[in-house]
$ cat entry06.txt   # compact mmCIF, C-alpha atoms
# COMPACT_ATOMS: atom_id res chain seq x y z
CA MET A 30 132.44 -30.16 -127.93
CA SER A 31 134.48 -33.21 -126.97
CA PRO A 32 135.50 -33.49 -123.33
CA HIS A 33 138.82 -31.95 -122.35
CA PRO A 34 141.60 -34.56 -121.92
CA LEU A 35 141.70 -33.62 -118.22
CA ALA A 36 138.23 -35.15 -117.76
CA SER A 37 139.60 -38.67 -118.24
CA VAL A 38 142.73 -37.87 -116.19
CA ILE A 39 140.60 -36.78 -113.22
CA GLU A 40 138.21 -39.70 -113.68
CA ALA A 41 141.16 -42.11 -113.51
CA ALA A 42 142.47 -40.35 -110.38
CA ASP A 43 139.00 -40.64 -108.79
CA ARG A 44 138.96 -44.38 -109.53
CA ALA A 45 142.40 -44.73 -107.91
CA ILE A 46 141.16 -42.95 -104.75
CA SER A 47 138.06 -45.15 -104.59
CA ALA A 48 140.22 -48.29 -105.07
CA GLU A 49 142.85 -47.04 -102.57
CA ASP A 50 145.40 -47.58 -105.32
CA PHE A 51 147.82 -44.96 -104.04
CA ASP A 52 150.67 -45.92 -106.40
CA SER A 53 148.50 -45.13 -109.42
CA LEU A 54 147.04 -42.09 -107.67
CA LEU A 55 150.42 -40.50 -106.98
CA ASP A 56 151.31 -40.74 -110.69
CA PHE A 57 148.80 -37.92 -111.28
CA TYR A 58 150.69 -35.47 -109.05
CA ALA A 59 153.78 -33.37 -109.68
CA GLU A 60 156.67 -34.00 -107.25
CA ASP A 61 156.08 -30.73 -105.40
CA ALA A 62 152.26 -30.67 -105.61
CA ILE A 63 150.11 -29.34 -102.77
CA LEU A 64 146.92 -31.03 -101.50
CA VAL A 65 144.44 -29.23 -99.26
CA VAL A 66 143.60 -32.02 -96.79
CA GLN A 67 141.19 -29.72 -95.00
CA PRO A 68 140.99 -25.94 -94.89
CA GLY A 69 144.20 -24.74 -93.22
CA LEU A 70 145.95 -28.14 -93.44
CA ASN A 71 148.01 -28.76 -96.57
CA ALA A 72 150.14 -31.75 -97.63
CA ILE A 73 153.11 -30.72 -99.78
CA GLY A 74 155.05 -33.18 -101.95
CA LYS A 75 154.24 -36.73 -103.02
CA ALA A 76 155.28 -38.43 -99.76
CA ALA A 77 153.05 -36.16 -97.65
CA ILE A 78 150.17 -36.46 -100.13
CA ARG A 79 150.36 -40.27 -99.97
CA ARG A 80 150.29 -40.18 -96.15
CA ALA A 81 147.27 -37.84 -96.31
CA PHE A 82 145.34 -40.18 -98.63
CA VAL A 83 146.14 -43.16 -96.39
CA ALA A 84 144.84 -41.20 -93.38
CA ILE A 85 141.72 -40.10 -95.30
CA ALA A 86 140.97 -43.72 -96.31
CA ASP A 87 141.33 -44.79 -92.66
CA HIS A 88 139.18 -41.87 -91.48
CA PHE A 89 136.32 -42.99 -93.72
CA HIS A 90 136.78 -46.67 -92.75
CA HIS A 91 137.76 -47.53 -96.33
CA SER A 92 134.31 -46.62 -97.64
CA LEU A 93 135.19 -43.47 -99.62
CA THR A 94 134.26 -43.20 -103.30
CA VAL A 95 134.83 -40.14 -105.47
CA LYS A 96 133.06 -39.19 -108.69
CA GLN A 97 133.09 -36.08 -110.80
CA GLY A 98 130.11 -34.00 -111.85
CA ASP A 99 130.06 -30.91 -114.04
CA MET A 100 133.43 -29.46 -114.98
CA VAL A 101 134.85 -26.35 -116.62
CA VAL A 102 138.47 -26.31 -117.82
CA LEU A 103 140.31 -23.01 -118.31
CA GLU A 104 143.60 -23.53 -120.14
CA GLY A 105 145.96 -20.62 -119.66
CA GLY A 106 149.55 -19.66 -120.26
CA GLY A 107 152.58 -21.74 -119.41
CA ASP A 108 150.83 -25.07 -120.04
CA SER A 109 148.63 -24.45 -116.99
CA ALA A 110 144.98 -25.35 -116.58
CA LEU A 111 142.45 -24.51 -113.88
CA VAL A 112 139.72 -27.09 -113.46
CA VAL A 113 136.53 -26.02 -111.66
CA MET A 114 134.37 -29.03 -110.97
CA GLU A 115 131.79 -30.74 -108.84
CA THR A 116 133.40 -33.51 -106.85
CA ARG A 117 130.99 -36.01 -105.30
CA LEU A 118 132.16 -37.90 -102.25
CA GLU A 119 130.30 -40.82 -100.73
CA HIS A 120 131.26 -42.67 -97.59
CA ALA A 121 129.68 -44.64 -94.78
CA GLY A 122 128.50 -42.55 -91.85
CA SER A 123 129.10 -43.51 -88.23
CA ASP A 124 125.78 -45.42 -88.20
CA GLY A 125 126.61 -47.25 -91.43
CA THR A 126 124.29 -45.23 -93.66
CA LYS A 127 125.64 -43.65 -96.81
CA VAL A 128 126.74 -40.00 -96.61
CA ALA A 129 127.02 -37.98 -99.84
CA VAL A 130 128.83 -34.65 -100.10
CA THR A 131 129.31 -32.50 -103.19
CA ARG A 132 132.20 -30.02 -103.25
CA GLN A 133 132.90 -27.36 -105.81
CA ALA A 134 136.57 -28.05 -106.33
CA THR A 135 139.47 -26.20 -107.95
CA TYR A 136 142.44 -28.08 -109.36
CA VAL A 137 145.51 -26.66 -111.09
CA PHE A 138 147.32 -28.89 -113.60
CA ARG A 139 150.49 -28.40 -115.57
CA LYS A 140 151.45 -30.18 -118.78
CA ASN A 141 154.98 -31.56 -118.59
CA PRO A 142 157.37 -31.59 -121.58
CA ALA A 143 156.12 -35.11 -122.44
CA GLY A 144 152.58 -33.71 -122.79
CA GLN A 145 151.29 -35.32 -119.58
CA TRP A 146 148.98 -33.30 -117.32
CA LEU A 147 150.10 -33.40 -113.66
CA CYS A 148 148.21 -31.96 -110.73
CA VAL A 149 150.18 -29.21 -108.99
CA ILE A 150 147.43 -27.83 -106.70
CA ASP A 151 144.57 -30.03 -105.43
CA ASN A 152 142.01 -27.92 -103.60
CA SER A 153 138.72 -29.81 -103.43
CA TYR A 154 137.29 -27.08 -101.16
CA GLY A 155 137.34 -24.45 -103.93
CA THR A 156 136.44 -20.98 -102.73
CA ASP A 157 135.02 -22.39 -99.46
CA LEU A 158 138.57 -21.92 -98.14
CA LEU A 159 137.51 -18.31 -97.58
CA LYS A 160 134.84 -19.43 -95.11
CA ALA A 161 137.20 -21.39 -92.92
CA PRO A 162 137.76 -20.10 -89.40
CA GLY A 163 141.18 -19.05 -88.27
CA PRO A 164 144.33 -18.21 -90.20
CA LEU A 165 145.06 -20.14 -93.36
CA MET B 24 152.43 -14.59 -90.89
CA SER B 25 153.46 -11.91 -93.37
CA PRO B 26 151.30 -11.46 -96.44
CA HIS B 27 152.19 -13.52 -99.51
CA PRO B 28 154.02 -11.44 -102.18
CA LEU B 29 151.02 -12.04 -104.45
CA ALA B 30 148.88 -9.85 -102.17
CA SER B 31 150.74 -6.72 -103.28
CA VAL B 32 150.85 -7.90 -106.92
CA ILE B 33 147.07 -8.29 -106.99
CA GLU B 34 146.55 -5.02 -105.11
CA ALA B 35 148.64 -3.19 -107.75
CA ALA B 36 146.65 -4.88 -110.56
CA ASP B 37 143.39 -3.80 -108.87
CA ARG B 38 144.68 -0.20 -108.72
CA ALA B 39 145.52 -0.34 -112.44
CA ILE B 40 141.98 -1.57 -113.26
CA SER B 41 140.42 1.19 -111.15
CA ALA B 42 142.68 3.79 -112.83
CA GLU B 43 142.06 2.30 -116.31
CA ASP B 44 145.85 2.10 -116.65
CA PHE B 45 145.79 -0.83 -119.07
CA ASP B 46 149.51 -0.66 -119.93
CA SER B 47 150.42 -1.29 -116.29
CA LEU B 48 147.59 -3.81 -115.95
CA LEU B 49 148.78 -5.95 -118.86
CA ASP B 50 152.23 -6.24 -117.27
CA PHE B 51 150.66 -8.56 -114.69
CA TYR B 52 149.57 -11.10 -117.32
CA ALA B 53 151.52 -13.81 -119.15
CA GLU B 54 151.46 -13.52 -122.95
CA ASP B 55 149.04 -16.42 -123.34
CA ALA B 56 146.92 -15.78 -120.23
CA ILE B 57 143.17 -16.39 -120.16
CA LEU B 58 140.60 -14.02 -118.64
CA VAL B 59 137.02 -15.08 -117.93
CA VAL B 60 135.13 -11.97 -119.07
CA GLN B 61 131.85 -13.58 -118.09
CA PRO B 62 130.92 -17.22 -117.67
CA GLY B 63 131.29 -18.86 -121.08
CA LEU B 64 133.19 -15.90 -122.60
CA ASN B 65 136.98 -15.97 -122.33
CA ALA B 66 139.65 -13.58 -123.62
CA ILE B 67 142.90 -15.34 -124.50
CA GLY B 68 146.21 -13.52 -124.92
CA LYS B 69 147.25 -10.00 -123.95
CA ALA B 70 145.64 -8.23 -126.93
CA ALA B 71 142.24 -9.83 -126.30
CA ILE B 72 142.52 -9.21 -122.54
CA ARG B 73 143.22 -5.52 -123.16
CA ARG B 74 140.19 -5.24 -125.44
CA ALA B 75 138.07 -6.95 -122.79
CA PHE B 76 139.17 -4.52 -120.06
CA VAL B 77 138.48 -1.53 -122.35
CA ALA B 78 134.98 -2.93 -123.02
CA ILE B 79 134.41 -3.60 -119.29
CA ALA B 80 135.43 0.00 -118.44
CA ASP B 81 133.01 1.31 -121.07
CA HIS B 82 130.26 -1.02 -119.86
CA PHE B 83 130.51 0.40 -116.33
CA HIS B 84 130.72 4.01 -117.63
CA HIS B 85 134.27 4.33 -116.25
CA SER B 86 133.06 3.98 -112.67
CA LEU B 87 134.52 0.55 -111.83
CA THR B 88 136.77 0.13 -108.81
CA VAL B 89 138.23 -3.18 -107.62
CA LYS B 90 139.49 -4.05 -104.16
CA GLN B 91 140.56 -7.30 -102.58
CA GLY B 92 139.19 -8.87 -99.42
CA ASP B 93 140.27 -12.09 -97.72
CA MET B 94 142.74 -14.21 -99.63
CA VAL B 95 144.28 -17.68 -99.44
CA VAL B 96 147.36 -18.53 -101.51
CA LEU B 97 148.23 -22.14 -102.32
CA GLU B 98 151.71 -22.44 -103.79
CA GLY B 99 152.18 -25.69 -105.67
CA GLY B 100 154.61 -27.37 -108.02
CA GLY B 101 156.15 -25.84 -111.11
CA ASP B 102 156.23 -22.32 -109.64
CA SER B 103 152.43 -22.22 -109.75
CA ALA B 104 150.10 -20.61 -107.24
CA LEU B 105 146.32 -20.68 -106.87
CA VAL B 106 144.86 -17.59 -105.25
CA VAL B 107 141.36 -17.86 -103.78
CA MET B 108 140.10 -14.44 -102.80
CA GLU B 109 137.22 -12.09 -102.28
CA THR B 110 137.17 -9.50 -105.04
CA ARG B 111 135.01 -6.45 -104.33
CA LEU B 112 133.70 -4.55 -107.33
CA GLU B 113 131.96 -1.20 -107.09
CA HIS B 114 130.43 0.71 -109.95
CA ALA B 115 127.67 3.20 -110.67
CA GLY B 116 124.29 1.63 -111.37
CA SER B 117 122.01 2.80 -114.18
CA ASP B 118 120.37 5.28 -111.79
CA GLY B 119 123.74 6.61 -110.62
CA THR B 120 123.69 4.89 -107.21
CA LYS B 121 126.66 2.80 -106.16
CA VAL B 122 126.46 -0.95 -106.81
CA ALA B 123 128.76 -3.27 -104.83
CA VAL B 124 129.40 -6.89 -105.78
CA THR B 125 131.69 -9.36 -104.03
CA ARG B 126 132.96 -12.34 -106.01
CA GLN B 127 134.88 -15.32 -104.72
CA ALA B 128 137.59 -15.38 -107.32
CA THR B 129 140.25 -17.89 -108.39
CA TYR B 130 143.48 -16.77 -110.00
CA VAL B 131 146.39 -18.91 -111.18
CA PHE B 132 149.84 -17.32 -111.25
CA ARG B 133 153.20 -18.58 -112.46
CA LYS B 134 156.60 -17.33 -111.39
CA ASN B 135 158.82 -16.64 -114.38
CA PRO B 136 162.59 -17.33 -114.39
CA ALA B 137 163.18 -13.73 -113.21
CA GLY B 138 161.08 -14.44 -110.11
CA GLN B 139 158.12 -12.33 -111.23
CA TRP B 140 154.59 -13.67 -110.66
CA LEU B 141 152.43 -13.43 -113.80
CA CYS B 142 148.73 -14.21 -114.01
CA VAL B 143 148.03 -17.11 -116.37
CA ILE B 144 144.34 -17.71 -115.50
CA ASP B 145 142.06 -14.89 -114.28
CA ASN B 146 138.70 -16.31 -113.23
CA SER B 147 136.96 -13.82 -110.95
CA TYR B 148 133.83 -16.00 -111.00
CA GLY B 149 135.50 -18.83 -109.07
CA THR B 150 133.35 -21.94 -108.78
CA ASP B 151 130.23 -19.97 -109.83
CA LEU B 152 131.23 -20.99 -113.37
CA LEU B 153 129.48 -24.27 -112.54
CA LYS B 154 126.17 -22.43 -112.09
CA ALA B 155 126.23 -20.79 -115.50
CA PRO B 156 123.55 -21.83 -117.97
CA GLY B 157 124.50 -23.41 -121.27
CA PRO B 158 127.74 -24.99 -122.44
CA LEU B 159 131.00 -23.54 -121.25

$ encode --input "entry06.txt" --output "structure tokens"
Amino acid sequence: MSPHPLASVIEAADRAISAEDFDSLLDFYAEDAILVVQPGLNAIGKAAIRRAFVAIADHFHHSLTVKQGDMVVLEGGGDSALVVMETRLEHAGSDGTKVAVTRQATYVFRKNPAGQWLCVIDNSYGTDLLKAPGPL
Amino acid sequence: MSPHPLASVIEAADRAISAEDFDSLLDFYAEDAILVVQPGLNAIGKAAIRRAFVAIADHFHHSLTVKQGDMVVLEGGGDSALVVMETRLEHAGSDGTKVAVTRQATYVFRKNPAGQWLCVIDNSYGTDLLKAPGPL
């Protein structure tokens, strides 16, 4: 089975995050998309999502790289798709050593009338949102 | 914070599953929705989803009940929402004792022009799809 077209879309978005190329990165999002920055803290809309990615890059001292692992794509009604995937983050720790984290992420995409897949919901925490303390 | 309107939608769908009221249940789905019956096996479209629920009810000897636990709703662009929630299944085991299973589910809904939320992607297995053996 050939990879779903969303595999290369997400790979390109990962490259843009790693390169801190936020102009290219924002092209993958719908205008009114939502990004879970951390459980309980969401950025809504392109301007807020850009600010969040700038803050994330600063937080990791510009060492963050993102790669994808296994993925499952469920294409449903209304040109919607749910992507369940392993997202592998690497960044420098406070002592300079490399820190690697794998999340089991959930992303929702919609295909626009031009046939382009745009991310409408970016939740890299997947079902771990249910473990978060406090109200969400 | 008041519950998201999707909480009562999903609660009503759960009641319909437990009551084997498939006519009411199918009203919650978009025409071209996708249901993950089990990892690697999807039902696509209302007719296939109905057949799957009939088979599931038979499989559990008409003892299945579904209730919701904690939930997080992420509303994104294009009238889409991702619901991450605990779904609690109970059914009779082969020896007649009660079996309880909790899944961390992911559901994608879309709001239609009339303002009604319809399920487009029903994946009660959440990110556990990544653990499944074999190609998906």

$ residues_around --input "entry06.txt" --residues "stretch 117-123 of chain B" --least-positions-apart "3" --cutoff "10 Å" --atoms "only C-alpha atoms" --output "list in words"
Phe83, His84, Ser86, Leu87, Thr88, Val89, Arg111, Leu112, Glu113 and His114 of chain B

$ write_last_selection --input "entry06.txt" --atoms "C-alpha atoms" --output "PDB file, keeping the file's coordinate frame"
ATOM      1  CA  PHE B  83     130.510   0.400-116.330  1.00  0.00           C
ATOM      2  CA  HIS B  84     130.720   4.010-117.630  1.00  0.00           C
ATOM      3  CA  SER B  86     133.060   3.980-112.670  1.00  0.00           C
ATOM      4  CA  LEU B  87     134.520   0.550-111.830  1.00  0.00           C
ATOM      5  CA  THR B  88     136.770   0.130-108.810  1.00  0.00           C
ATOM      6  CA  VAL B  89     138.230  -3.180-107.620  1.00  0.00           C
ATOM      7  CA  ARG B 111     135.010  -6.450-104.330  1.00  0.00           C
ATOM      8  CA  LEU B 112     133.700  -4.550-107.330  1.00  0.00           C
ATOM      9  CA  GLU B 113     131.960  -1.200-107.090  1.00  0.00           C
ATOM     10  CA  HIS B 114     130.430   0.710-109.950  1.00  0.00           C
TER      11      HIS B 114
END

$ closest_atom_pairs --input "entry06.txt" --of "chain A" --to "chain B" --cutoff "8 Å" --atoms "only C-alpha atoms" --output "Markdown table"
| residue | atom | partner | partner_atom | distance |
| --- | --- | --- | --- | --- |
| A:Ala59 | CA | B:Gly100 | CA | 6.3 |
| A:Glu60 | CA | B:Gly100 | CA | 7.0 |
| A:Asp61 | CA | B:Gly100 | CA | 4.5 |
| A:Ala62 | CA | B:Gly100 | CA | 4.7 |
| A:Ile63 | CA | B:Gly99 | CA | 5.1 |
| A:Ile73 | CA | B:Gly99 | CA | 7.8 |
| A:Asp99 | CA | B:Leu153 | CA | 6.8 |
| A:Met100 | CA | B:Leu153 | CA | 7.0 |
| A:Val101 | CA | B:Leu159 | CA | 6.6 |
| A:Leu103 | CA | B:Ile144 | CA | 7.2 |
| A:Glu104 | CA | B:Ile57 | CA | 7.2 |
| A:Gly105 | CA | B:Ala56 | CA | 5.0 |
| A:Gly106 | CA | B:Asp55 | CA | 4.5 |
| A:Gly107 | CA | B:Val143 | CA | 7.2 |
| A:Ser109 | CA | B:Val143 | CA | 7.4 |
| A:Ala110 | CA | B:Ile144 | CA | 7.7 |
| A:Leu111 | CA | B:Ile144 | CA | 7.2 |
| A:Val113 | CA | B:Thr150 | CA | 5.9 |
| A:Met114 | CA | B:Leu153 | CA | 7.0 |
| A:Glu115 | CA | B:Leu153 | CA | 7.8 |
| A:Gln133 | CA | B:Thr150 | CA | 6.2 |
| A:Ala134 | CA | B:Thr150 | CA | 7.3 |
| A:Thr135 | CA | B:Thr150 | CA | 7.5 |
| A:Val137 | CA | B:Leu105 | CA | 7.4 |
| A:Arg139 | CA | B:Gly101 | CA | 7.6 |
| A:Val149 | CA | B:Gly100 | CA | 4.9 |
| A:Ile150 | CA | B:Gly99 | CA | 5.3 |
| A:Gly155 | CA | B:Thr150 | CA | 6.8 |
| A:Thr156 | CA | B:Val107 | CA | 5.9 |
| A:Leu158 | CA | B:Val95 | CA | 7.2 |
| A:Leu159 | CA | B:Asp93 | CA | 6.8 |
| A:Leu165 | CA | B:Val95 | CA | 6.6 |

$ atom_distance --input "entry06.txt" --atom1 "atom CA of B:Pro28" --atom2 "atom CA of B:Ile79"
27.2 Å

$ atom_distance --input "entry06.txt" --atom1 "atom CA of A:Ile39" --atom2 "atom CA of A:Leu54"
10.0 Å

$ atom_distance --input "entry06.txt" --atom1 "atom CA of B:Asp37" --atom2 "atom CA of B:Lys90"
6.1 Å
